[in-house]
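A quick write-up on the structure given underneath.
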Amino acid sequence: MSDIPEEASGIVKKFLYVNRKAPHGTIYALESLEVVLIGAAFEQDVSLAFLDDGVFQLVKGQDTADIGVKNFSPTYRALGDFEVTKLYVEKESLAERGLSKDDLMEIMYEDEDDDWEEKPSIKLVNRTELAAVMAGQDVILSF
Amino acid sequence: MSDIPEEASGIVKKFLYVNRKAPHGTIYALESLEVVLIGAAFEQDVSLAFLDDGVFQLVKGQDTADIGVKNFSPTYRALGDFEVTKLYVEKESLAERGLSKDDLMEIMYEDEDDDWEEKPSIKLVNRTELAAVMAGQDVILSF
Amino acid sequence: MKFGIVVNEGPYTHQAADTAYQFTKAVLEKGHEVYRVFFYHDGVNVGTRMTVPPQDERHIQRNWSELGEKYKLDMVVCIAAAQRRGIMDENEAKRQGLDGDNIAPGFRISGLGQLIEAGIQADRLVTFGD
Amino acid sequence: MKFGIVVNEGPYTHQAADTAYQFTKAVLEKGHEVYRVFFYHDGVNVGTRMTVPPQDERHIQRNWSELGEKYKLDMVVCIAAAQRRGIMDENEAKRQGLDGDNIAPGFRISGLGQLIEAGIQADRLVTFGD
Amino acid sequence: MSILHTVNKSPFEKQTLNSCIAHALDGDAILMVEDGVYGAIDGTAAATQLAANKNISIYALGPDLNARGLGEAKLVSGLTIVDYNGFVDLAVEHDKTQSWL
Amino acid sequence: MSILHTVNKSPFEKQTLNSCIAHALDGDAILMVEDGVYGAIDGTAAATQLAANKNISIYALGPDLNARGLGEAKLVSGLTIVDYNGFVDLAVEHDKTQSWL
């Protein structure tokens, strides 16, 4: 039962967090985000995929005051500060739900390899491209 | 702590238990059946509806030994002993799932008003007929 | 009008326990009566006093306990469902030989008959679940 | 080969906790290694010692505790998920000012980092949930 | 003997709304709550289904719409938005409630 | 980099199997477990979808089929039935596992 600290392990894997569920109706979106934030400290190669009802997690203007539940949606906009900068959003999932890119939050990060230029974290991909993203991973965590 | 009402209230309501979920994958079918069994002591006018994936609850030949889970399906056959004799099964739900009446357990009851003749508890109904059954109830419990 | 409320999912995982709370609160504030709140399936998990959610999140059990106290609600946790999920009051824990209990203030453990009775006695039975 | 196992649903309500158990047992009996079993979301509810299922049903917590003891498994309950759902060990209960704890033998409470670490260290990570 | 039907599942994930519509009768009402309110988005397959049922009143819970960022501009026409008090009123006005879980 | 996909939801209730099939690539495998095994019934809309994907291997967990009373005569052709040991072997043979929850 080795307890190697992550910096000593030297292993860098490609981690994909797959988000397929809507926010608020269930806790999976929120608790998935908590994994992503903690996971950021491990310096792995992290991507997030949003497909099916998971695209609803990124809809802008969420206001949970009247259901008495915490609004965690602003946290997605802070992901760049945790060096989580690859958010793949599936076009087909958006279209089936009557959504377009304009319905989503603007999520940016500062690219340290490009003079800290602000760049969008959301990458719109089609189903075929997303399948390729999935195929290229080492570890897939589904929520 | 007794499940038997302290005194007969005299009220007889039409209770419908709506079963829309498959057995074993979740506990809803089993715990719904537990309500039906306890409820039988209250001498209400009880019906059960099986539609959508709920029709899978009545499939014959279920053998749960290898998943290590209790096989509660034989209990449906004992419902007649509890005077629960109206099991409405939706034809459209069966057909969509590649099932016919022959795939279902035989569930019988003895009709005390007809010289204890054995009669089938399962009544196949179409969607329109089932909607009418629902409309005619006083209390609907969904699982 | 007299309402019965059925809560079929546990705290935080599904919104059902929250919606049921908001609905029950509205029922009471509008002057209706709540005959009973019955917690079934994972809903029994609402009734543990051991939850400690983050400071900036709602405390679902405490919300229910406070609503129950304010309006003298009869909040019943199903015994069969509770035994499967580890919700115990002092009597049950003793009977089962356990070293402690975890039921929250205002909740009581009883049988499924209490659900049927709510269906008989209430004018409307409203179910919240998954 | 080294496996990591993630269990995301609680006992009895979803089959996930059973399937995860059968899978983990098969992994071990085939001679593979299990780096860690991580209980997240409602999966933390598997780790309460207060469940008393009917005599004729399987005892999910006990199954896991026994498997854990036999193979010296590292069975970790996520602390954040556990706090929302009322699963406590002695230390956590003390820290939170609670009057008792409910964690089952063989389970320990720790952080989400243990899940990431399992993803890094294991050759295969397999998730069971709803 | 009219029914208030509640639907709390996304129609893009589950068949629940379809099944509810198929079993609702004239004079009944359908109230979308929790993730069920995603069924109120205009221009989707679910919206087409809703529109085909003229004699069933369609409601959605405002607090759940707001939580999910669904402003009125995005919603199907003919929908009535209610709050928790309105939910209670609907339960009173109809003879019984059926939750499509 | 092939994937073992697991699906544990009934295709008659949820969109999960559809989505999985739409994202699986040649050489991947799909294993139906728990209520997912209902996707193996022949002559349904789900079965038609499965059959259209020739280069993906389809498996179903035998213990879950038995629990649900689904004998081999009722199942789609070209399906391989495995037990928990077979599930472990599939996880070993593929580079990673994706659970469609």
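Identifiers for the structure tokens are assigned positionally: chains receive A, B, ... in sequence, residues are indexed from 1 per chain, and ligands are indexed from 1 in the order shown.
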
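In the superposition of chain B on chain A, with all Cα atoms paired by position, the RMSD stands at 2.2 Å.
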
Enumerate as a ChimeraX atom specification all residues of stretch 44-96 of chain B assigned to strand (DSSP E or B) by DSSP on the backbone, naming them with the chain letters and numbers the document uses.
/B:45-50,59,87-90

Determine which residues of chain D receive a DSSP assignment of helix (DSSP H, G or I), computed from the backbone, and state them as an MDAnalysis selection string.
chainID D and resid 16:29 41:47 60:71 79:85 90:95 113:121

I need the chain D residues near chain C as number ranges by chain; criterion: at most 12 Å, counting only C-alpha atoms.
D: 8-14, 40-55, 57-61, 79-89, 92-104, 130

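Interatomic distance, atom CA of E:Met1 against atom CA of E:His94: 7.4 Å.
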
Residues near B:Phe50, anyone? I mean within 12 Å using only C-alpha atoms, not counting same-chain ones fewer than 4 positions away, as a PyMOL selection string.
chain B and resi 16-23+29+32+54-59+86-94+104+122-127+130-131+133-134+142-143

Taking only residues of chain D that have an atom at most 10 Å from an atom of chain F, what is each one's shortest atom pair and its distance in Å to one decimal, using only C-alpha atoms, in chain and number order, as CSV?
residue,atom,partner,partner_atom,distance
D:Met1,CA,F:Val92,CA,7.6
D:Lys2,CA,F:Val92,CA,9.6
D:Phe3,CA,F:Val92,CA,9.3
D:Asn8,CA,F:Leu101,CA,9.9
D:His14,CA,F:Glu34,CA,9.4
D:Gln15,CA,F:Glu34,CA,6.9
D:Ala16,CA,F:Glu34,CA,8.0
D:Asp18,CA,F:Glu34,CA,9.8
D:Thr19,CA,F:Glu34,CA,7.8
D:Ala20,CA,F:Tyr84,CA,10.0
D:Gln22,CA,F:Tyr84,CA,6.7
D:Phe23,CA,F:Tyr84,CA,5.7
D:Thr24,CA,F:Val88,CA,8.6
D:Lys25,CA,F:Tyr84,CA,8.8
D:Ala26,CA,F:Asn85,CA,5.5
D:Val27,CA,F:Val88,CA,6.1
D:Leu28,CA,F:Val88,CA,9.8
D:Glu29,CA,F:Asn85,CA,8.8
D:Lys30,CA,F:Asn85,CA,7.6
D:His32,CA,F:Val88,CA,9.4
D:Asp123,CA,F:Lys96,CA,8.3
D:Arg124,CA,F:Lys96,CA,6.0
D:Leu125,CA,F:Thr97,CA,6.8
D:Val126,CA,F:Thr97,CA,6.0
D:Thr127,CA,F:Ser99,CA,6.0
D:Phe128,CA,F:Ser99,CA,7.2
D:Gly129,CA,F:Leu101,CA,6.1
D:Asp130,CA,F:Leu101,CA,5.2

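With atom CA of F:Ile56 on one side and atom CA of F:Leu75 on the other, the separation reads 17.0 Å.
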
Identify which of the residues A:Asn71, A:Gln62, A:Ser100, A:Thr26 lies closest to chain E, counting only C-alpha atoms when measuring atom-to-atom distances.
A:Gln62

Each residue of chain C with at least one atom at most 6 Å from chain B should appear once, together with its nearest atom pair and the corresponding distance in Å (one decimal); atoms considered: only C-alpha atoms; ordering: chain, then increasing residue number; output as a Markdown table.
| residue | atom | partner | partner_atom | distance |
| --- | --- | --- | --- | --- |
| C:Ser110 | CA | B:Met1 | CA | 5.4 |
| C:Gly111 | CA | B:Asp3 | CA | 5.6 |
| C:Gly113 | CA | B:Asp3 | CA | 4.4 |
| C:Ile116 | CA | B:Gly39 | CA | 5.9 |

Using only C-alpha atoms: which of E:Ile21, E:Ser10, E:Ala52, E:Thr16 has the shortest distance to chain A:
E:Ser10

Show me, as a Markdown table, the residues of chain A having an atom within 8 Å of chain E, each with the closest atom pair and its distance in Å, using only C-alpha atoms.
| residue | atom | partner | partner_atom | distance |
| --- | --- | --- | --- | --- |
| A:Ala22 | CA | E:Asp35 | CA | 7.1 |
| A:Pro23 | CA | E:Arg68 | CA | 7.5 |
| A:His24 | CA | E:Asp35 | CA | 7.5 |
| A:Gly25 | CA | E:Asp35 | CA | 5.2 |
| A:Asp52 | CA | E:Phe12 | CA | 7.6 |
| A:Asp53 | CA | E:Glu13 | CA | 6.9 |
| A:Phe56 | CA | E:Arg68 | CA | 7.5 |
| A:Val59 | CA | E:Gly69 | CA | 6.2 |
| A:Lys60 | CA | E:Gly69 | CA | 5.9 |
| A:Gly61 | CA | E:Gly69 | CA | 4.7 |
| A:Gln62 | CA | E:Gly69 | CA | 4.0 |
| A:Asp63 | CA | E:Ala67 | CA | 4.4 |
| A:Thr64 | CA | E:Ala67 | CA | 4.1 |
| A:Ala65 | CA | E:Ala67 | CA | 7.4 |
| A:Asp66 | CA | E:Pro63 | CA | 5.0 |
| A:Ile67 | CA | E:Pro63 | CA | 5.6 |
| A:Asn71 | CA | E:Ala67 | CA | 7.9 |
| A:Glu96 | CA | E:Thr44 | CA | 6.4 |
| A:Arg97 | CA | E:Thr44 | CA | 6.1 |
| A:Gly98 | CA | E:Thr44 | CA | 5.7 |
